[in-house]
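Pasted below: protein_12.tsv, TSV, C-alpha atoms and all ligand atoms.
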```tsv
chain	number	residue	atom	x	y	z
C	25	MET	CA	0.00	0.00	0.00
C	26	ASN	CA	1.32	3.42	-0.97
C	27	ILE	CA	1.44	6.00	1.86
C	28	SER	CA	2.84	9.52	1.39
C	29	SER	CA	6.23	10.26	2.95
C	30	GLU	CA	7.07	13.18	5.26
C	31	ASN	CA	8.64	14.95	2.26
C	32	GLN	CA	5.46	14.61	0.26
C	33	ILE	CA	3.50	15.98	3.22
C	34	LYS	CA	5.87	18.99	3.19
C	35	LEU	CA	5.10	19.54	-0.50
C	36	ALA	CA	1.40	19.41	0.36
C	37	VAL	CA	1.91	22.11	3.01
C	38	GLN	CA	3.55	24.27	0.31
C	39	ASN	CA	0.40	23.91	-1.79
C	40	LEU	CA	-1.78	24.96	1.15
C	41	LEU	CA	0.42	27.98	1.94
C	42	ARG	CA	0.34	29.03	-1.72
C	43	GLY	CA	-3.48	28.88	-1.70
C	44	ASP	CA	-3.72	25.70	-3.78
C	45	LEU	CA	-5.51	22.43	-3.10
C	46	VAL	CA	-4.44	19.20	-1.41
C	47	ALA	CA	-6.30	15.88	-1.37
C	48	VAL	CA	-6.25	14.65	2.22
C	49	PRO	CA	-6.65	10.96	3.06
C	50	THR	CA	-8.88	10.55	6.11
C	51	GLU	CA	-10.36	7.50	7.83
C	52	THR	CA	-13.81	8.36	6.39
C	53	VAL	CA	-13.25	9.46	2.79
C	54	TYR	CA	-10.63	11.57	0.96
C	55	GLY	CA	-11.10	15.33	1.34
C	56	LEU	CA	-10.42	18.17	-1.12
C	57	GLY	CA	-8.52	20.49	1.20
C	58	ALA	CA	-7.55	24.17	1.26
C	59	ASP	CA	-6.38	26.65	3.90
C	60	ALA	CA	-9.56	27.37	5.88
C	61	GLU	CA	-8.44	30.99	6.39
C	62	ASN	CA	-7.76	31.81	2.75
C	63	PRO	CA	-11.01	32.76	0.96
C	64	SER	CA	-9.52	32.59	-2.53
C	65	ALA	CA	-8.20	29.07	-1.84
C	66	LEU	CA	-11.66	28.09	-0.56
C	67	GLU	CA	-13.15	29.44	-3.77
C	68	LYS	CA	-11.04	26.87	-5.67
C	69	ILE	CA	-12.77	24.06	-3.76
C	70	PHE	CA	-16.22	25.26	-4.79
C	71	ILE	CA	-15.13	25.67	-8.41
C	72	ALA	CA	-13.37	22.27	-8.61
C	73	LYS	CA	-16.36	20.45	-7.10
C	74	GLY	CA	-19.05	22.45	-8.89
C	75	ARG	CA	-20.56	22.98	-5.44
C	76	PRO	CA	-22.93	25.88	-4.66
C	77	ASN	CA	-21.02	28.28	-2.43
C	78	ASN	CA	-23.68	28.55	0.25
C	79	HIS	CA	-22.86	24.95	1.28
C	80	PRO	CA	-20.58	25.13	4.33
C	81	LEU	CA	-17.28	23.25	4.50
C	82	ILE	CA	-15.95	21.16	7.39
C	83	VAL	CA	-12.74	22.53	8.96
C	84	HIS	CA	-10.22	19.84	9.94
C	85	ILE	CA	-7.87	20.52	12.84
C	86	ALA	CA	-4.95	18.67	14.43
C	87	LYS	CA	-5.22	16.70	17.64
C	88	GLY	CA	-4.77	19.09	20.57
C	89	ALA	CA	-5.42	22.20	18.41
C	90	ASN	CA	-6.93	25.23	20.10
C	91	LEU	CA	-10.66	24.82	19.40
C	92	ASP	CA	-11.44	28.27	20.85
C	93	TYR	CA	-9.69	29.79	17.86
C	94	TRP	CA	-12.48	28.42	15.62
C	95	ALA	CA	-15.58	28.14	17.80
C	96	ASP	CA	-17.37	29.96	20.65
C	97	ASN	CA	-19.34	28.67	23.64
C	98	ILE	CA	-18.28	25.03	23.48
C	99	ASN	CA	-20.79	23.41	25.79
C	100	GLU	CA	-20.57	20.35	28.02
C	101	ASN	CA	-22.11	17.95	25.50
C	102	ALA	CA	-19.67	19.09	22.84
C	103	GLN	CA	-16.72	18.63	25.19
C	104	LYS	CA	-17.81	15.12	26.17
C	105	LEU	CA	-18.14	14.11	22.52
C	106	ILE	CA	-14.72	15.55	21.73
C	107	ASP	CA	-13.14	13.66	24.63
C	108	ALA	CA	-14.80	10.42	23.54
C	109	PHE	CA	-14.46	10.52	19.75
C	110	TRP	CA	-11.63	12.83	18.60
C	111	PRO	CA	-9.52	12.11	16.68
C	112	GLY	CA	-12.11	10.17	14.73
C	113	PRO	CA	-15.06	10.15	12.32
C	114	LEU	CA	-17.23	12.74	14.10
C	115	THR	CA	-17.95	16.30	12.92
C	116	LEU	CA	-19.38	18.78	15.42
C	117	ILE	CA	-21.39	21.84	14.45
C	118	LEU	CA	-20.47	24.62	16.87
C	119	GLN	CA	-21.04	28.36	17.13
C	120	LYS	CA	-18.56	30.06	14.85
C	121	SER	CA	-15.91	32.43	16.17
C	122	ASN	CA	-16.07	35.96	14.65
C	123	ARG	CA	-12.47	35.50	13.60
C	124	ILE	CA	-13.51	32.98	10.94
C	125	ASN	CA	-14.48	34.06	7.43
C	126	ASN	CA	-17.96	33.49	6.02
C	127	VAL	CA	-16.75	31.65	2.92
C	128	VAL	CA	-15.88	28.51	4.87
C	129	THR	CA	-19.21	28.46	6.71
C	130	GLY	CA	-21.33	29.33	3.68
C	131	GLY	CA	-22.57	32.41	5.55
C	132	GLN	CA	-23.91	30.41	8.54
C	133	ASN	CA	-23.15	31.46	12.12
C	134	THR	CA	-22.03	27.92	12.94
C	135	ILE	CA	-18.93	25.99	11.91
C	136	GLY	CA	-18.37	22.27	11.28
C	137	ILE	CA	-15.15	20.99	12.88
C	138	ARG	CA	-13.55	17.59	12.72
C	139	CYS	CA	-10.29	16.12	13.98
C	140	PRO	CA	-9.50	13.15	11.71
C	141	SER	CA	-7.53	10.17	13.00
C	142	HIS	CA	-5.74	9.19	9.79
C	143	PRO	CA	-1.97	9.54	10.44
C	144	VAL	CA	-1.31	11.31	7.11
C	145	ALA	CA	-4.10	13.83	7.80
C	146	GLN	CA	-2.78	14.38	11.34
C	147	LYS	CA	0.81	14.93	10.18
C	148	LEU	CA	-0.37	17.33	7.47
C	149	LEU	CA	-2.48	19.30	9.96
C	150	GLN	CA	0.36	19.48	12.49
C	151	ASP	CA	2.97	20.58	9.92
C	152	PHE	CA	0.56	23.12	8.46
C	153	ALA	CA	-0.11	24.58	11.93
C	154	LYS	CA	3.66	24.86	12.58
C	155	SER	CA	4.02	26.85	9.37
C	156	LYS	CA	1.53	29.51	10.58
C	157	PRO	CA	2.78	32.44	12.68
C	158	ASN	CA	0.14	31.95	15.41
C	159	GLY	CA	0.28	28.13	15.30
C	160	ASN	CA	-3.41	27.82	14.42
C	161	ALA	CA	-4.33	26.18	11.15
C	162	GLY	CA	-7.34	24.43	9.71
C	163	ILE	CA	-7.92	22.63	6.45
C	164	ALA	CA	-11.39	23.06	5.00
C	165	ALA	CA	-12.25	19.88	3.11
C	166	PRO	CA	-15.42	18.51	1.61
C	167	SER	CA	-15.27	15.01	0.15
C	168	ALA	CA	-13.00	15.07	-2.92
C	169	ASN	CA	-15.65	14.35	-5.55
C	170	LYS	CA	-17.71	16.40	-7.95
C	171	PHE	CA	-20.87	17.74	-6.30
C	172	GLY	CA	-23.46	14.98	-5.84
C	173	HIS	CA	-21.15	12.18	-7.01
C	174	VAL	CA	-19.80	9.14	-5.11
C	175	SER	CA	-17.22	10.03	-2.41
C	176	PRO	CA	-13.62	8.83	-2.92
C	177	THR	CA	-12.06	6.26	-0.60
C	178	LYS	CA	-8.74	5.85	-2.47
C	179	ALA	CA	-6.20	8.33	-3.88
C	180	GLU	CA	-6.83	7.09	-7.44
C	181	HIS	CA	-10.53	7.93	-7.08
C	182	VAL	CA	-9.55	11.57	-6.44
C	183	ARG	CA	-7.26	11.59	-9.49
C	184	SER	CA	-10.10	10.35	-11.69
C	185	GLU	CA	-12.55	12.97	-10.32
C	186	PHE	CA	-10.24	15.90	-11.14
C	187	PRO	CA	-8.28	15.00	-14.29
C	188	ASP	CA	-7.75	18.69	-15.18
C	189	LEU	CA	-5.88	19.66	-12.00
C	190	ASP	CA	-2.12	18.96	-12.04
C	191	GLU	CA	0.10	18.53	-8.93
C	192	THR	CA	0.68	22.25	-8.47
C	193	LYS	CA	-3.07	22.88	-8.34
C	194	LEU	CA	-4.08	19.70	-6.50
C	195	TYR	CA	-1.44	17.72	-4.62
C	196	ILE	CA	-2.87	14.27	-3.86
C	197	LEU	CA	-1.57	12.62	-0.70
C	198	GLN	CA	-1.69	8.83	-0.52
C	199	GLY	CA	-3.16	7.17	2.54
C	200	GLY	CA	-4.37	3.79	1.34
C	201	ALA	CA	-8.05	2.81	1.37
C	202	SER	CA	-10.14	4.77	3.91
C	203	GLN	CA	-10.88	2.50	6.87
C	204	VAL	CA	-14.43	3.73	7.59
C	205	GLY	CA	-15.38	4.35	3.96
C	206	ILE	CA	-18.37	6.68	4.47
C	207	GLU	CA	-18.47	10.31	5.60
C	208	SER	CA	-18.29	11.35	9.25
C	209	THR	CA	-21.28	11.41	11.57
C	210	ILE	CA	-22.40	15.06	11.94
C	211	ILE	CA	-23.86	16.22	15.26
C	212	ASP	CA	-25.09	19.77	15.82
C	213	VAL	CA	-24.13	20.85	19.35
C	214	SER	CA	-24.33	24.58	18.64
C	215	GLN	CA	-27.45	24.96	20.82
C	216	ASN	CA	-27.61	24.20	24.50
C	217	ASP	CA	-30.47	21.74	24.26
C	218	VAL	CA	-30.38	18.24	22.85
C	219	PRO	CA	-27.78	17.50	20.13
C	220	VAL	CA	-29.13	16.90	16.63
C	221	LEU	CA	-27.92	14.17	14.27
C	222	LEU	CA	-27.48	15.81	10.86
C	223	ARG	CA	-25.77	12.92	9.07
C	224	PRO	CA	-25.48	9.31	10.30
C	225	GLY	CA	-22.07	7.60	10.11
C	226	TYR	CA	-19.74	5.11	11.77
C	227	ILE	CA	-20.42	6.71	15.17
C	228	THR	CA	-24.04	5.83	15.85
C	229	SER	CA	-26.83	7.41	17.91
C	230	GLN	CA	-26.26	4.58	20.40
C	231	ASP	CA	-22.56	5.57	20.70
C	232	ILE	CA	-23.68	9.16	21.39
C	233	PHE	CA	-26.16	7.92	23.99
C	234	ASP	CA	-23.43	5.90	25.70
C	235	VAL	CA	-21.42	9.10	26.21
C	236	LEU	CA	-24.13	11.74	26.84
C	237	GLY	CA	-26.91	9.64	28.34
C	238	LEU	CA	-29.29	10.95	25.67
C	239	TYR	CA	-30.01	10.16	22.05
C	240	PRO	CA	-29.48	12.90	19.45
C	241	LEU	CA	-32.66	14.18	17.81
C	242	GLY	CA	-33.21	13.63	14.11
C	243	ALA	CA	-32.76	16.61	11.80
C	244	ASN	CA	-35.86	18.74	11.21
C	245	LYS	CA	-36.78	21.72	9.04
C	246	PHE	CA	-35.09	24.10	11.47
C	247	SER	CA	-31.78	22.24	11.30
C	248	PRO	CA	-28.98	23.75	9.23
C	249	GLN	CA	-28.74	22.69	5.64
C	250	VAL	CA	-26.36	19.82	4.94
C	251	SER	CA	-25.60	19.11	1.29
C	252	GLY	CA	-25.10	15.44	2.10
C	253	SER	CA	-28.67	15.51	3.38
C	254	LEU	CA	-30.09	16.55	0.03
C	255	LYS	CA	-32.40	13.80	-1.11
C	256	ALA	CA	-30.36	12.90	-4.20
C	257	HIS	CA	-26.65	12.63	-3.43
C	258	TYR	CA	-23.70	10.22	-3.47
C	259	ALA	CA	-24.85	8.96	-6.87
C	260	PRO	CA	-23.07	6.98	-9.60
C	261	ARG	CA	-23.66	7.94	-13.25
C	262	THR	CA	-25.18	4.57	-14.20
C	263	THR	CA	-28.86	4.09	-13.29
C	264	PHE	CA	-28.89	2.78	-9.73
C	265	THR	CA	-31.70	0.97	-7.89
C	266	LEU	CA	-32.19	-0.70	-4.52
C	267	PHE	CA	-34.17	-3.93	-4.60
C	268	SER	CA	-35.31	-6.37	-1.93
C	269	THR	CA	-34.08	-9.96	-2.24
C	270	ASP	CA	-37.42	-11.03	-3.78
C	271	GLU	CA	-37.42	-8.15	-6.23
C	272	ILE	CA	-33.94	-9.18	-7.39
C	273	ILE	CA	-35.00	-12.77	-7.95
C	274	ASN	CA	-38.13	-11.70	-9.87
C	275	TYR	CA	-36.19	-9.18	-11.91
C	276	CYS	CA	-33.67	-11.82	-12.98
C	277	LYS	CA	-36.43	-14.28	-13.85
C	278	ASN	CA	-38.81	-11.98	-15.67
C	279	GLU	CA	-37.14	-8.90	-17.02
C	280	LEU	CA	-33.75	-10.20	-17.98
C	281	SER	CA	-34.44	-13.55	-19.57
C	282	GLY	CA	-33.86	-13.27	-23.30
C	283	SER	CA	-32.88	-9.59	-23.12
C	284	SER	CA	-29.50	-8.26	-24.19
C	285	LYS	CA	-29.21	-6.00	-21.13
C	286	LYS	CA	-26.06	-6.02	-19.04
C	287	VAL	CA	-26.76	-5.46	-15.39
C	288	ALA	CA	-24.62	-5.53	-12.22
C	289	ILE	CA	-26.21	-6.84	-9.04
C	290	ALA	CA	-24.54	-6.49	-5.62
C	291	VAL	CA	-26.02	-8.95	-3.14
C	292	PHE	CA	-25.35	-10.43	0.29
C	293	ASN	CA	-25.78	-13.97	-0.93
C	294	LYS	CA	-25.07	-15.15	-4.47
C	295	ASN	CA	-27.22	-18.28	-4.21
C	296	GLY	CA	-29.20	-18.99	-7.35
C	297	LEU	CA	-28.14	-15.80	-9.11
C	298	THR	CA	-24.85	-16.81	-10.66
C	299	ASP	CA	-25.88	-18.58	-13.85
C	300	GLN	CA	-27.93	-15.86	-15.53
C	301	THR	CA	-26.75	-14.36	-18.78
C	302	GLY	CA	-26.56	-10.59	-18.85
C	303	ILE	CA	-25.99	-10.34	-15.10
C	304	ASP	CA	-22.77	-9.92	-13.18
C	305	VAL	CA	-23.29	-10.73	-9.51
C	306	TYR	CA	-21.07	-9.23	-6.79
C	307	LYS	CA	-21.01	-10.39	-3.21
C	308	MET	CA	-21.08	-7.70	-0.52
C	309	SER	CA	-20.03	-8.15	3.09
C	310	ASP	CA	-22.83	-8.84	5.56
C	311	ASN	CA	-21.04	-6.90	8.30
C	312	HIS	CA	-22.25	-3.26	8.33
C	313	ASN	CA	-18.81	-1.74	8.93
C	314	ASP	CA	-17.09	-3.84	6.25
C	315	TYR	CA	-19.96	-3.04	3.89
C	316	ALA	CA	-19.55	0.70	4.52
C	317	LYS	CA	-15.84	0.42	3.91
C	318	GLU	CA	-16.23	-1.17	0.44
C	319	MET	CA	-19.54	0.39	-0.68
C	320	TYR	CA	-18.33	3.52	-2.51
C	321	SER	CA	-15.42	1.72	-4.07
C	322	VAL	CA	-17.66	-1.04	-5.46
C	323	LEU	CA	-20.15	1.53	-6.72
C	324	ARG	CA	-17.41	3.51	-8.44
C	325	ASP	CA	-15.87	0.40	-10.06
C	326	LEU	CA	-19.24	-0.79	-11.37
C	327	ASP	CA	-19.95	2.71	-12.67
C	328	GLN	CA	-16.87	2.44	-14.96
C	329	LYS	CA	-18.02	-0.80	-16.56
C	330	ASN	CA	-20.82	0.45	-18.81
C	331	TYR	CA	-23.66	-1.50	-17.24
C	332	GLN	CA	-27.15	-0.40	-18.19
C	333	LYS	CA	-28.18	-0.65	-14.59
C	334	ILE	CA	-26.64	-1.25	-11.17
C	335	ILE	CA	-28.84	-2.95	-8.58
C	336	PHE	CA	-27.94	-3.24	-4.90
C	337	GLU	CA	-29.76	-5.60	-2.58
C	338	MET	CA	-31.34	-3.54	0.19
C	339	PRO	CA	-29.45	-4.04	3.49
C	340	PRO	CA	-31.35	-4.87	6.70
C	341	GLN	CA	-33.46	-1.94	7.97
C	342	THR	CA	-31.85	-1.94	11.41
C	343	SER	CA	-30.07	0.80	13.35
C	344	LYS	CA	-26.55	-0.44	12.75
C	345	TRP	CA	-27.19	-0.21	9.00
C	346	HIS	CA	-28.58	3.36	9.32
C	347	ALA	CA	-25.60	5.15	7.73
C	348	VAL	CA	-25.27	2.65	4.87
C	349	ASN	CA	-29.02	2.79	4.12
C	350	ASP	CA	-28.92	6.59	4.26
C	351	ARG	CA	-26.21	6.76	1.55
C	352	LEU	CA	-27.76	4.03	-0.66
C	353	ASN	CA	-31.20	5.65	-0.51
C	354	ARG	CA	-29.78	9.00	-1.53
C	355	ALA	CA	-27.81	7.43	-4.39
C	356	ALA	CA	-31.01	5.75	-5.62
C	357	ALA	CA	-33.05	8.96	-5.18
C	358	ALA	CA	-30.95	10.58	-7.90
C	359	PHE	CA	-32.75	8.27	-10.37
C	360	ASP	CA	-36.32	8.69	-9.04
C	361	VAL	CA	-37.80	10.94	-11.60
V	401	LIG	O1	-16.05	12.53	6.61
V	401	LIG	C1	-16.24	13.69	6.28
V	401	LIG	O2	-16.95	14.47	6.92
V	401	LIG	C2	-15.54	14.15	5.00
V	401	LIG	C3	-14.04	14.17	5.24
V	401	LIG	C4	-13.26	14.75	4.08
V	401	LIG	O3	-13.76	14.85	6.43
V	401	LIG	N1	-16.02	15.44	4.60
V	401	LIG	C5	-17.25	15.61	4.07
V	401	LIG	O4	-17.48	16.89	3.66
V	401	LIG	O5	-18.06	14.72	3.97
V	401	LIG	P1	-18.73	17.30	2.75
V	401	LIG	O6	-18.55	18.75	2.47
V	401	LIG	O7	-18.83	16.40	1.58
V	401	LIG	O8	-19.90	17.12	3.72
V	401	LIG	C6	-19.92	17.93	4.87
V	401	LIG	C7	-21.30	18.27	5.26
V	401	LIG	C8	-21.95	19.10	4.20
V	401	LIG	O9	-23.15	18.47	3.86
V	401	LIG	C9	-22.15	20.43	4.87
V	401	LIG	O10	-23.36	21.02	4.48
V	401	LIG	C10	-22.14	20.07	6.35
V	401	LIG	O11	-21.23	19.03	6.45
V	401	LIG	N2	-21.71	21.21	7.16
V	401	LIG	C11	-20.50	21.78	7.23
V	401	LIG	N3	-20.52	22.86	8.02
V	401	LIG	C12	-21.78	22.97	8.49
V	401	LIG	C13	-22.46	23.89	9.35
V	401	LIG	N4	-21.85	24.94	9.88
V	401	LIG	N5	-23.76	23.68	9.58
V	401	LIG	C14	-24.41	22.64	9.03
V	401	LIG	N6	-23.83	21.74	8.22
V	401	LIG	C15	-22.55	21.91	7.95
V	402	MG	MG	-19.58	15.15	0.10
```

Will you turn the file into structure tokens for me?
Amino acid sequence: MNISSENQIKLAVQNLLRGDLVAVPTETVYGLGADAENPSALEKIFIAKGRPNNHPLIVHIAKGANLDYWADNINENAQKLIDAFWPGPLTLILQKSNRINNVVTGGQNTIGIRCPSHPVAQKLLQDFAKSKPNGNAGIAAPSANKFGHVSPTKAEHVRSEFPDLDETKLYILQGGASQVGIESTIIDVSQNDVPVLLRPGYITSQDIFDVLGLYPLGANKFSPQVSGSLKAHYAPRTTFTLFSTDEIINYCKNELSGSSKKVAIAVFNKNGLTDQTGIDVYKMSDNHNDYAKEMYSVLRDLDQKNYQKIIFEMPPQTSKWHAVNDRLNRAAAAFDV
């Protein structure tokens, strides 16, 4: 596995200082990073992604960084979650410090902050902070994919998303395959009442309960806008559908027999589905964390293979599959017309 060296991390810091972009490997997905305090560098993120600029970016900080530099009024719930889950796949929405520009927060008075655990991300954040006169540095980074597309979990995914940006414009750090594989859990703790779950992820509502003694509320119409919470998101370019096990069996029997269609089907159990013409069957893990880790990569690979349709077998509708179901439903929603 290829992992960037300290020298390559130094080159990445040069890009950040110059106001250019760096792809940052994290344990969730790869991020498209820029200096969080440089509005013209942030602008390059929005342009590269094709992302509307009222969508706020997450600011990544090093372990032990001074959080007060970025956020105000960090309450007890926030502090408990930080102590329990940072560094790790949890983003907190906090009240924004006046010091921070509006470009990074999309004009909101809150800021999303995350301290990633990936060693390459940590080293980059620490070196970048050392290069700043006041020792405070943050890297704003959305997932390194075009707006609405599947998130990248490997360095080569980032390269294929941004073929027009050379190394001086986008320096891609290598960190192997992301261990979690789906985006961070987002919890809004900017208000003093109950925390709100804005995006499910590896850290579950039960994990939050175990630390705070209360479950986060679900997002409602008063919650801040999260682009990952748009109904259609995380989508491949090939038509994508979620089917129950029975629907898959019927589809193979009825719709495909005698047709010249080429379809990919990702299932938990290949039994009885292997000998159909026109169908390639892929076996997915039946462990929710392993599934999350491989999901985007499988989706991206299948998307390259010119299938007419990609079908995923619907995972169990249980709480530990919440984050996976959330992403699959949004990918499928892109094709509900
Ligand atoms: O795992 C992750 O969170 C990855 C890695 C790179 O850290 N990042 C990521 O970023 O998924 P992005 O931009 O694709 O998704 C971040 C979400 C967006 O939907 C954005 O709207 C939301 O976080 N967000 C950021 N700041 C916010 C704020 N102040 N209030 C509400 N939502 C916010
Ligand atoms: Mg994203």

Problem - Nearby residues, ligand MG 402 (chain V), 9 Å, all atoms listed in the file, as a count of residues only - result: 17

Practice task
Mind giving me the straight-line distance from atom CA of C:Asn349 to atom CA of C:Asn293 in Å, one decimal?
Solution key: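 Atom-to-atom, atom CA of C:Asn349 to atom CA of C:Asn293, that is 17.8 Å.
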
Exercise for the section: Go through C:Tyr306, C:Phe152, C:Tyr226, C:Tyr93 and flag the residue nearest ligand LIG 401 (chain V), using all atoms listed in the file for the distances. Expected result: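 Residue with the minimum atom-to-atom distance to ligand LIG 401 (chain V): C:Tyr226.
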
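Take the candidates C:Asn31, C:Asn101, C:Ser121, C:Ser64 and check each one against ligand LIG 401 (chain V) using all atoms listed in the file; the shortest distance goes to C:Ser121.
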
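Candidate residues C:Thr52, C:Gln146, C:Thr209, C:Gln32 were compared for distance to C:Asp350, and the nearest is C:Thr209, using only C-alpha atoms.
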
Completion exercise
Nearest to C:Val204, restricted to all atoms listed in the file and choosing among C:Lys104, C:Lys317, C:His312, C:Arg183, comes out as C:Lys317

Fill in the blank from the handout: atom CA of C:Asp270 to atom CA of C:Ala290 measures 13.8 Å

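The coordinates place atom CA of C:Val348 at 27.6 Å from atom CA of C:Lys87.
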
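Distance annotation: of C:Gly242, C:Pro76, C:Gly88, C:Gly237, the residue with the minimal separation from ligand LIG 401 (chain V) is C:Pro76; atom set is only C-alpha atoms and all ligand atoms.
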
Exercise for the section: Pick out the closest residue to ligand LIG 401 (chain V) from this set: C:Val218, C:Val46, C:Val182, C:Leu81. Count only C-alpha atoms and all ligand atoms. Expected result: C:Leu81
